[in-house]
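*Asks:* Pasting protein29.cif below, which is mmCIF, C-alpha atoms.
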```cif
data_my_file
#
loop_
_atom_site.label_atom_id
_atom_site.label_comp_id
_atom_site.auth_asym_id
_atom_site.auth_seq_id
_atom_site.Cartn_x
_atom_site.Cartn_y
_atom_site.Cartn_z
CA MET H 20 221.34 48.44 -10.89
CA GLY H 21 223.08 49.60 -14.07
CA LYS H 22 221.54 51.70 -16.77
CA ARG H 23 219.74 49.89 -19.54
CA LYS H 24 221.58 49.53 -22.81
CA TYR H 25 218.42 49.37 -24.86
CA ARG H 26 215.04 51.03 -25.16
CA ILE H 27 211.65 49.66 -26.13
CA THR H 28 209.88 52.39 -28.09
CA SER H 29 206.13 52.47 -28.50
CA GLN H 30 203.71 53.91 -31.07
CA LEU H 31 200.73 53.35 -28.81
CA ARG H 32 199.82 57.01 -28.45
CA THR H 33 199.82 57.49 -32.24
CA LEU H 34 197.78 54.33 -32.79
CA ARG H 35 195.20 55.43 -30.22
CA PHE H 36 195.00 58.81 -31.92
CA MET H 37 194.51 57.21 -35.33
CA ASN H 38 191.76 54.98 -33.95
CA GLY H 39 189.29 57.71 -33.15
CA GLU H 40 191.20 59.19 -30.19
CA MET H 41 190.65 56.06 -28.17
CA THR H 42 191.23 56.84 -24.49
CA GLN H 43 193.77 54.98 -22.35
CA GLN H 44 190.90 53.67 -20.23
CA GLU H 45 189.03 52.30 -23.26
CA LEU H 46 192.13 50.50 -24.49
CA ALA H 47 192.90 49.22 -21.00
CA ASP H 48 189.38 47.81 -20.66
CA LYS H 49 189.66 46.03 -24.00
CA LEU H 50 193.01 44.50 -23.06
CA GLY H 51 192.15 43.67 -19.45
CA VAL H 52 194.88 45.80 -17.89
CA THR H 53 194.85 48.97 -15.81
CA ARG H 54 194.93 52.44 -17.36
CA GLN H 55 198.21 53.05 -15.51
CA THR H 56 199.82 50.18 -17.43
CA ILE H 57 198.84 51.75 -20.76
CA ALA H 58 200.21 55.09 -19.54
CA ALA H 59 203.46 53.42 -18.43
CA ILE H 60 203.88 51.71 -21.83
CA GLU H 61 203.31 55.01 -23.66
CA LYS H 62 205.88 56.76 -21.47
CA GLU H 63 208.27 53.84 -22.10
CA LYS H 64 208.46 53.15 -18.38
CA TYR H 65 207.28 49.59 -18.78
CA SER H 66 207.89 46.96 -21.43
CA PRO H 67 204.78 44.77 -21.78
CA SER H 68 204.86 41.00 -21.86
CA LEU H 69 204.91 39.30 -25.24
CA GLU H 70 201.29 38.29 -24.71
CA LEU H 71 200.17 41.86 -24.05
CA ALA H 72 202.25 43.15 -26.97
CA PHE H 73 200.45 40.76 -29.33
CA LEU H 74 197.07 41.68 -27.86
CA ILE H 75 197.80 45.39 -28.42
CA ALA H 76 198.87 44.72 -32.02
CA GLU H 77 195.74 42.65 -32.62
CA GLU H 78 193.57 45.40 -31.17
CA PHE H 79 194.91 47.84 -33.78
CA ASN H 80 194.96 45.22 -36.60
CA THR H 81 198.68 45.60 -37.05
CA LYS H 82 201.97 43.80 -36.35
CA VAL H 83 203.91 43.93 -33.08
CA ASP H 84 206.78 45.51 -35.03
CA ASP H 85 204.53 48.44 -35.96
CA VAL H 86 203.62 49.07 -32.33
CA PHE H 87 206.94 48.47 -30.60
CA GLY H 88 210.50 49.09 -31.58
CA PHE H 89 213.84 48.01 -30.17
CA MET H 90 216.57 50.60 -29.92
CA LYS H 91 220.12 50.00 -28.76
CA MET H 92 221.67 52.92 -26.88
CA MET Y 10 225.40 78.45 -1.63
CA SER Y 11 225.80 74.82 -2.63
CA LYS Y 12 222.76 73.27 -4.27
CA PHE Y 13 221.52 69.90 -3.07
CA ILE Y 14 221.26 67.61 -6.08
CA LEU Y 15 219.25 64.39 -5.97
CA PRO Y 16 220.68 61.34 -7.73
CA SER Y 17 218.89 60.58 -11.00
CA CYS Y 18 217.21 57.46 -9.54
CA MET Y 19 215.47 59.63 -6.92
CA LYS Y 20 214.17 62.31 -9.29
CA TYR Y 21 210.43 61.88 -9.47
CA LYS Y 22 208.33 64.25 -11.50
CA THR Y 23 205.56 65.84 -9.52
CA LYS Y 24 202.34 64.34 -10.82
CA LYS Y 25 198.97 63.16 -9.69
CA MET Y 26 199.14 59.90 -7.79
CA SER Y 27 197.70 56.83 -9.43
CA TYR Y 28 195.22 54.53 -7.69
CA GLN Y 29 197.96 51.96 -7.07
CA GLU Y 30 200.22 54.57 -5.48
CA ARG Y 31 197.44 55.82 -3.23
CA LYS Y 32 196.63 52.24 -2.25
CA THR Y 33 200.27 51.50 -1.43
CA ILE Y 34 200.51 54.60 0.78
CA ALA Y 35 197.26 53.62 2.50
CA ASN Y 36 198.68 50.13 3.14
CA MET Y 37 201.84 51.65 4.60
CA ALA Y 38 199.82 53.87 6.92
CA SER Y 39 197.49 51.04 7.97
CA SER Y 40 200.48 48.80 8.76
CA MET Y 41 201.97 51.52 10.97
CA ILE Y 42 198.68 52.21 12.73
CA ILE Y 43 197.92 48.52 13.35
CA LEU Y 44 201.34 47.72 14.80
CA GLY Y 45 201.41 51.00 16.76
CA ALA Y 46 197.97 50.38 18.25
CA PHE Y 47 198.79 46.75 19.05
CA ALA Y 48 202.13 47.65 20.65
CA PHE Y 49 200.46 50.40 22.69
CA TYR Y 50 197.74 48.02 23.88
CA VAL Y 51 200.20 45.27 24.84
CA TYR Y 52 202.59 47.67 26.55
CA LYS Y 53 199.93 49.56 28.50
CA TYR Y 54 197.45 46.83 29.43
CA ARG Y 55 199.44 43.58 29.32
CA ILE Y 56 202.96 44.48 30.35
CA GLY Y 57 202.36 47.41 32.69
CA ASP Y 58 205.23 47.91 35.14
CA THR Y 59 206.74 44.45 34.66
CA PRO Y 60 210.31 44.64 33.31
CA LEU Y 61 210.54 43.16 29.81
CA ASN Y 62 213.12 40.55 30.78
CA GLU Y 63 210.81 39.15 33.48
CA LEU Y 64 207.97 38.36 31.11
CA ALA Y 65 207.30 34.69 30.41
CA LEU Y 66 208.33 33.19 27.09
CA SER Y 67 204.70 32.23 26.46
CA PHE Y 68 203.67 35.89 26.82
CA TRP Y 69 205.84 36.91 23.84
CA ALA Y 70 204.68 33.95 21.80
CA LYS Y 71 201.00 34.71 22.56
CA SER Y 72 201.49 38.39 21.72
CA ILE Y 73 202.88 37.54 18.28
CA LEU Y 74 200.14 34.97 17.70
CA TRP Y 75 197.49 37.58 18.56
CA LEU Y 76 199.14 40.14 16.32
CA ILE Y 77 198.48 37.99 13.23
CA PRO Y 78 194.64 37.93 13.39
CA ALA Y 79 194.60 41.53 14.65
CA ALA Y 80 196.64 42.60 11.60
CA ILE Y 81 194.35 40.67 9.21
CA VAL Y 82 191.18 42.21 10.63
CA GLY Y 83 192.80 45.66 10.74
CA ARG Y 84 193.86 45.32 7.11
CA ILE Y 85 190.35 44.43 5.98
CA VAL Y 86 188.87 47.38 7.87
CA PHE Y 87 191.46 49.79 6.44
CA ALA Y 88 190.98 48.42 2.90
CA ILE Y 89 187.22 49.08 3.14
CA LEU Y 90 187.83 52.55 4.56
CA PHE Y 91 190.33 53.33 1.79
CA ALA Y 92 187.91 52.22 -0.93
CA ILE Y 93 185.14 54.42 0.53
CA ILE Y 94 187.34 57.50 1.07
CA ASN Y 95 188.97 57.12 -2.36
CA ALA Y 96 185.57 56.87 -4.08
CA ILE Y 97 184.33 59.98 -2.23
CA ILE Y 98 187.42 62.05 -3.06
CA THR Y 99 187.91 60.99 -6.70
CA GLN Y 100 184.17 60.72 -7.45
CA LYS Y 101 184.76 57.63 -9.62
CA PRO Y 102 184.87 53.93 -8.85
CA GLU Y 103 188.27 52.26 -9.41
CA LYS Y 104 188.60 48.72 -10.66
CA ASP Y 105 190.66 46.97 -8.00
CA PHE Y 106 192.48 44.24 -9.89
CA MET Y 107 196.07 43.35 -10.61
CA ASP Y 108 197.40 43.19 -14.13
CA GLU Y 109 200.80 41.89 -15.27
CA ARG Y 110 202.63 45.11 -14.34
CA ASP Y 111 201.15 45.16 -10.84
CA LYS Y 112 202.09 41.51 -10.35
CA LEU Y 113 205.64 42.16 -11.49
CA ILE Y 114 205.96 45.13 -9.15
CA GLU Y 115 204.59 43.04 -6.28
CA LEU Y 116 207.08 40.30 -7.10
CA LYS Y 117 209.98 42.74 -7.04
CA SER Y 118 208.83 44.24 -3.73
CA SER Y 119 208.20 40.86 -2.10
CA ARG Y 120 211.77 39.86 -2.93
CA VAL Y 121 212.99 42.81 -0.85
CA THR Y 122 210.43 42.06 1.88
CA HIS Y 123 211.48 38.41 2.17
CA PHE Y 124 215.15 39.35 2.29
CA LEU Y 125 214.67 41.84 5.13
CA PHE Y 126 212.30 39.52 7.00
CA THR Y 127 214.91 36.77 6.87
CA ALA Y 128 217.51 39.27 8.07
CA GLY Y 129 215.26 40.07 11.08
CA PHE Y 130 214.91 36.37 11.83
CA PHE Y 131 218.67 35.90 11.53
CA VAL Y 132 219.34 38.84 13.89
CA GLY Y 133 216.87 37.39 16.43
CA ILE Y 134 218.50 33.96 16.38
CA THR Y 135 221.98 35.51 16.57
CA LEU Y 136 220.97 37.48 19.68
CA ILE Y 137 219.89 34.26 21.37
CA ALA Y 138 223.11 32.55 20.27
CA PHE Y 139 225.06 35.29 22.06
CA ASN Y 140 223.07 34.80 25.30
CA GLN Y 141 221.01 37.98 25.02
CA PRO Y 142 217.57 38.13 26.74
CA TYR Y 143 215.03 36.20 24.67
CA HIS Y 144 212.64 39.15 24.41
CA TYR Y 145 215.24 40.73 22.10
CA MET Y 146 214.62 37.87 19.69
CA PHE Y 147 210.85 38.50 19.63
CA LEU Y 148 211.40 42.23 19.23
CA ALA Y 149 213.77 41.52 16.33
CA PHE Y 150 211.10 39.29 14.72
CA VAL Y 151 208.39 41.95 15.03
CA LEU Y 152 210.66 44.80 13.97
CA GLY Y 153 212.06 42.76 11.07
CA GLY Y 154 208.54 41.91 9.92
CA PHE Y 155 207.37 45.52 10.18
CA LEU Y 156 210.41 47.07 8.49
CA SER Y 157 210.44 44.48 5.71
CA GLU Y 158 206.79 45.21 4.95
CA GLN Y 159 207.39 48.97 4.93
CA LEU Y 160 210.42 48.65 2.67
CA GLY Y 161 208.36 46.46 0.34
CA TYR Y 162 205.81 49.27 0.02
CA VAL Y 163 208.59 51.81 -0.60
CA VAL Y 164 209.93 49.59 -3.39
CA GLN Y 165 206.43 49.34 -4.88
CA LEU Y 166 206.06 53.13 -4.83
CA HIS Y 167 209.48 53.48 -6.44
CA TYR Y 168 208.57 51.18 -9.33
CA TYR Y 169 205.12 52.69 -9.82
CA ARG Y 170 206.67 56.16 -10.02
CA LYS Y 171 209.90 55.51 -11.87
CA GLY Y 172 208.94 52.52 -14.01
CA PHE Y 173 211.20 49.63 -14.89
#
```
What does the file become when written as structure tokens?
*Replies:*
Amino acid sequence: MGKRKYRITSQLRTLRFMNGEMTQQELADKLGVTRQTIAAIEKEKYSPSLELAFLIAEEFNTKVDDVFGFMKM
Amino acid sequence: MSKFILPSCMKYKTKKMSYQERKTIANMASSMIILGAFAFYVYKYRIGDTPLNELALSFWAKSILWLIPAAIVGRIVFAILFAIINAIITQKPEKDFMDERDKLIELKSSRVTHFLFTAGFFVGITLIAFNQPYHYMFLAFVLGGFLSEQLGYVVQLHYYRKGF
């Protein structure tokens, strides 16, 4: 398996912080995923599905672009 | 003194295990215990001193057929035990459900499992094609099934730890 040539960056940690220090568990419960998935997205170890990306953006009343970024390496 | 360096894909940071990782390890252990206990029972109480190549074909077929319900019941028992022990140790109830990431990881691991299981089946059939004793075929089936399951769990652990 070759190395990835791109990176999906995430502002999730910042957004949680700006929304009253929302915990990973609280966000996970709202989105219907596990806390580990939120942690993996924050550490950029997992790129969420388009559906989950939109749900996250909706949760923070923002656009998907403001939560996730695409970076070529 | 030369230093042993791990390849980058095998470098895992030491961290607390997640619920999914603990569950995967528990599944691995339960699979080993169930097959070990079943093999011990069959070898000690059913086979005894009879040489393996003198056992009837139906004996091997029945043994594999019995292994399936035994494994299902064993799995249920171990899953309950794991849930109880985990709740006692962590002092908090865990929601046991699969989200999209878990499903994707399971899909990736089952691909490896199916490949190895098929390889075990292929080895078994090949042994028969080359006139080897038929109990080799059954052993290849069981071993292929066991190893494929274990490797599937290893793949799951790898993806949970390293990400993808």
*Asks:* Which residues, written as a ChimeraX atom specification, have at least one atom at most 12 Å from stretch 30-43 of chain H, with only C-alpha atoms counted and residues fewer than 4 positions away on the same chain left out?
*Replies:* /H:47-63,67,72,75-89
*Asks:* In Å, rounded to a single decimal, give me how far atom CA of Y:Ile114 is from atom CA of H:Arg26.
*Replies:* 19.3 Å
*Asks:* Which residues are near stretch 92-99 of chain Y? Cut-off 12 Å, all atoms listed in the file, ignore same chain within fewer than 2 positions. Put them as a PyMOL selection string.
*Replies:* chain Y and resi 25-32+35-36+85-90+101-105
*Asks:* Quote the spacing between atom CA of Y:Thr33 and atom CA of H:Glu70 in Å to one decimal place.
*Replies:*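 Those two atoms sit 26.8 Å apart.
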*Asks:* Quick one: which residues from chain Y are at most 7 Å off chain H, using all atoms listed in the file, as a ChimeraX atom specification?
*Replies:* /Y:108,110,172-173
*Asks:* At what distance in Å, to one decimal, does atom CA of Y:His144 lie from atom CA of Y:Glu63?
*Replies:* 9.3 Å
*Asks:* Report as a PyMOL selection string the residues that result from applying the PyMOL selection byres ((chain Y and resi 76) around 12) to the structure here.
*Replies:* chain Y and resi 40+43-48+50-51+69-75+77-84+151+154-155
*Asks:* Check the smallest atom-to-atom distance from each of Y:Leu152, Y:Leu166, Y:Ile137, Y:Met41 to Y:Asp111 using only C-alpha atoms, then report the winner.
*Replies:*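 The closest residue to Y:Asp111 is Y:Leu166.
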*Asks:* Of the candidates Y:Met107, Y:His123, Y:Asn140, Y:Tyr54, which one gets nearest to Y:Gly153 if we count only C-alpha atoms?
*Replies:*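 Selected residue with least distance to Y:Gly153: Y:His123.
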*Asks:* Under the rule that only C-alpha atoms are counted, which of Y:Gly129, Y:Glu109, Y:Met37, Y:Leu148 is the nearest residue to H:Leu69?
*Replies:*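 The answer is Y:Glu109, which sits nearest to H:Leu69.
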*Asks:* From the set Y:Leu61, Y:Leu116, Y:Thr122, Y:Phe150, which residue has the shortest atom-to-atom contact distance to Y:Thr135, counting all atoms listed in the file?
*Replies:* Y:Phe150
